[in-house]
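To start, the structure itself, in structure tokens.
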Amino acid sequence: MTQIRERTVLFADLRGSTALFETLGNAEATSVVTHTVGLIGQAVDECGGKLIKTLGDGLMAVFETPRDGVNSAVLMHEMLERVVARGKQHGASPGLRALRMQVALARGEVVEMNGDCFGDAVNVAARLLNHAGDNETLITAEVLAGLPSSKKLRFRSLDLIAIRGRAEPVHVHVLDQPMQGDVAATQFGEVQQAIEPDGIRLIWLDLDRVFDIVSMPIILGRSVQATYCITDARVSRSHARIDWHGGSFSVTDLSYNGTYVRFGNSGDIVSLKRGSCTLHGRGVIGLGSPPIDATSPTVSFEVLHFADTEPLGFGHPRTRSG
């Protein structure tokens with residue numbers, strides 16, 4: 001029987017499962033992934049949702065209300081965090097300790113047929129996963145509108161984001177939580193910025209642009225719909241995202257090939273695999289490969305204070321764009 005109903009659609013996806021197969025072997029890794037997906041699937045049932053299907057290392061579910069969907073997403077993250085914490089206590093493999101999860105939710109009319117679901121909300125939620133970083137939950141404006149005020153406060157806007165296969169961009173919000181992958185402070189010392197920056201400058205070849213805070217987020221990618229388009233085959237369609245939050249800029253890897261950050265003239269490189277780090281000072285961002293190969297797609301960045309009058313030091317004139 002075919003039914004059309006208003007539903008909140010949730011997709012969840014484990015990241016890092018490939019490393020499990022490398023370290024544990026096929027049989028044990030399959031068991032771990034299946035157990036973990038089954039565990040986070042319990043969060044669907046506990047929050048009154050319906051599990052539509054599992055997708056290898058992920059799942060799809062639908063909920064009657066946005067609140068139930070968001071509650072399930074939060075519970076999923078908590079469950080995975082407990083699994084990883086127990087693994088660390090019992091000396092689990094690095095692959096298990098590196099497991100992360102992305103969750104995306106959208107809301108709209110859904111066609112329910114033969115135990116499966118179809119519709120624009122399904123497509124948006126599925127493709128929104130590609131824009132989520134490690135342990136992030138992304139939701140559309142329609143999901144946010146159905147939340148109580150207390151829960152709305154936990155989300156911040158990422159503004160309009162172009163979704164593959166959809167003509168109109170989608171207004172996306174991210175669940176606020178401490179960044180899981182922010183390694184800049186631990187590897188390079190605490191970031192000292194007494195005055196909040198006003199913008200960030202990005203340079204790739206002759207593409208020289210300055211973005212202010214209200215321009216956030218910036219999507220770096222090969223897609224012509226990306227905010228900062230890098231036409232190199234090694235770059236994913238939506239490769240990385242630069243956000244403004246808490247008085248600083250951060251970059252989040254959205255790709256399968258990774259994003260790499262080098263600060264100043266340091267030889268040390270921060271490797272982001274679906275993780276994030278705070279951007280400060282100046283440096284370079286390697287997309288798909290470390291910024292040590294002169295031919296690799298590398299974006300120079302500098303965090304700016306527009307009141308400064310000193311030259312930027314990249315050898316290019318300053319341009320400003322909103």
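Here, A, B, ... name the chains of the structure tokens in the order displayed, residue numbers run from 1 inside each chain, and ligands are numbered from 1 in the same displayed order.
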task = Using DSSP on the backbone coordinates, identify all residues within region 57-278 of chain A classified as alpha helix (DSSP H); present the result as an MDAnalysis selection string.
result = chainID A and resid 66:89 94:97 120:128 141:145 149:152 184:188
key: Polymer residues at most 9 Å from region 104-119 of chain A, only C-alpha atoms, same-chain spacing of 4 or more positions, as number ranges by chain   = A: 1-12, 52-53, 62, 65-66, 69-70, 73, 123-129, 131-132, 136-143
Just C-alpha atoms for this one: save the residues we selected as an mmCIF file, in the first residue's frame.
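What landed in result39.cif:
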```cif
data_model
loop_
_atom_site.group_PDB
_atom_site.id
_atom_site.type_symbol
_atom_site.label_atom_id
_atom_site.label_comp_id
_atom_site.auth_asym_id
_atom_site.auth_seq_id
_atom_site.Cartn_x
_atom_site.Cartn_y
_atom_site.Cartn_z
ATOM 1 C CA MET A 1 0.000 0.000 0.000
ATOM 2 C CA THR A 2 1.327 3.430 -0.992
ATOM 3 C CA GLN A 3 0.963 6.349 1.427
ATOM 4 C CA ILE A 4 2.132 9.967 1.284
ATOM 5 C CA ARG A 5 2.932 11.472 4.671
ATOM 6 C CA GLU A 6 4.880 14.339 6.225
ATOM 7 C CA ARG A 7 7.957 12.764 7.781
ATOM 8 C CA THR A 8 11.359 13.614 9.217
ATOM 9 C CA VAL A 9 13.970 11.535 7.388
ATOM 10 C CA LEU A 10 17.263 10.596 9.051
ATOM 11 C CA PHE A 11 20.403 9.127 7.503
ATOM 12 C CA ALA A 12 23.353 8.056 9.665
ATOM 13 C CA ILE A 52 13.606 1.721 7.010
ATOM 14 C CA LYS A 53 16.859 -0.037 6.164
ATOM 15 C CA VAL A 62 11.810 8.132 9.486
ATOM 16 C CA THR A 65 8.165 14.719 14.370
ATOM 17 C CA PRO A 66 11.428 16.646 14.026
ATOM 18 C CA GLY A 69 14.401 12.602 14.842
ATOM 19 C CA VAL A 70 16.801 14.997 16.546
ATOM 20 C CA ALA A 73 20.460 11.605 16.388
ATOM 21 C CA ASN A 123 17.183 12.737 -1.335
ATOM 22 C CA VAL A 124 18.123 15.873 0.612
ATOM 23 C CA ALA A 125 18.875 13.973 3.841
ATOM 24 C CA ALA A 126 20.969 11.376 1.989
ATOM 25 C CA ARG A 127 23.060 13.941 0.131
ATOM 26 C CA LEU A 128 23.370 16.246 3.121
ATOM 27 C CA LEU A 129 25.581 13.578 4.708
ATOM 28 C CA HIS A 131 28.419 18.021 3.924
ATOM 29 C CA ALA A 132 28.760 16.712 7.496
ATOM 30 C CA GLU A 136 28.205 16.250 13.180
ATOM 31 C CA THR A 137 24.421 16.378 12.882
ATOM 32 C CA LEU A 138 23.038 18.551 10.084
ATOM 33 C CA ILE A 139 19.368 19.447 9.692
ATOM 34 C CA THR A 140 17.322 21.462 7.221
ATOM 35 C CA ALA A 141 15.307 24.568 8.083
ATOM 36 C CA GLU A 142 12.107 22.497 7.923
ATOM 37 C CA VAL A 143 13.393 20.233 10.693
#
```
Test item: residues at most 7 Å from Ala240 (chain A), only C-alpha atoms, excluding those fewer than 6 positions along its chain, as number ranges by chain = A: 219-221, 251-255
Next, write the just-selected residues to a file, as a CSV table (one decimal), in the first residue's frame, keeping N, CA and C atoms as the atom set.
```csv
chain,number,residue,atom,x,y,z
A,219,ILE,N,32.1,26.7,1.1
A,219,ILE,CA,32.3,25.3,0.6
A,219,ILE,C,33.4,25.3,-0.4
A,220,LEU,N,34.5,24.6,-0.1
A,220,LEU,CA,35.6,24.5,-1.1
A,220,LEU,C,35.4,23.1,-1.8
A,221,GLY,N,35.3,23.2,-3.2
A,221,GLY,CA,35.1,22.0,-3.9
A,221,GLY,C,35.2,22.2,-5.4
A,251,VAL,N,38.1,24.8,9.7
A,251,VAL,CA,37.9,24.0,8.4
A,251,VAL,C,37.5,22.6,8.8
A,252,THR,N,36.5,22.1,8.1
A,252,THR,CA,36.1,20.7,8.3
A,252,THR,C,36.2,19.9,7.0
A,253,ASP,N,36.8,18.8,7.0
A,253,ASP,CA,37.0,17.9,5.9
A,253,ASP,C,35.7,17.2,5.5
A,254,LEU,N,35.2,17.2,4.3
A,254,LEU,CA,34.0,16.6,3.8
A,254,LEU,C,34.3,15.5,2.8
A,255,SER,N,35.6,15.2,2.6
A,255,SER,CA,35.9,14.4,1.4
A,255,SER,C,36.3,13.0,1.9
```
query = Quick one, how far is CA of Asp13 (chain A) from CA of Thr231 (chain A)?
reply = 27.7 Å
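Residue neighbourhood of Ile203 (chain A), excluding near-sequence residues (fewer than 6 positions): Arg209, Val210, Tyr228, Val284, Thr298, Val299, Ser300, Phe301, Glu302, Phe314 and His316 of chain A, at 10 Å, using only C-alpha atoms.
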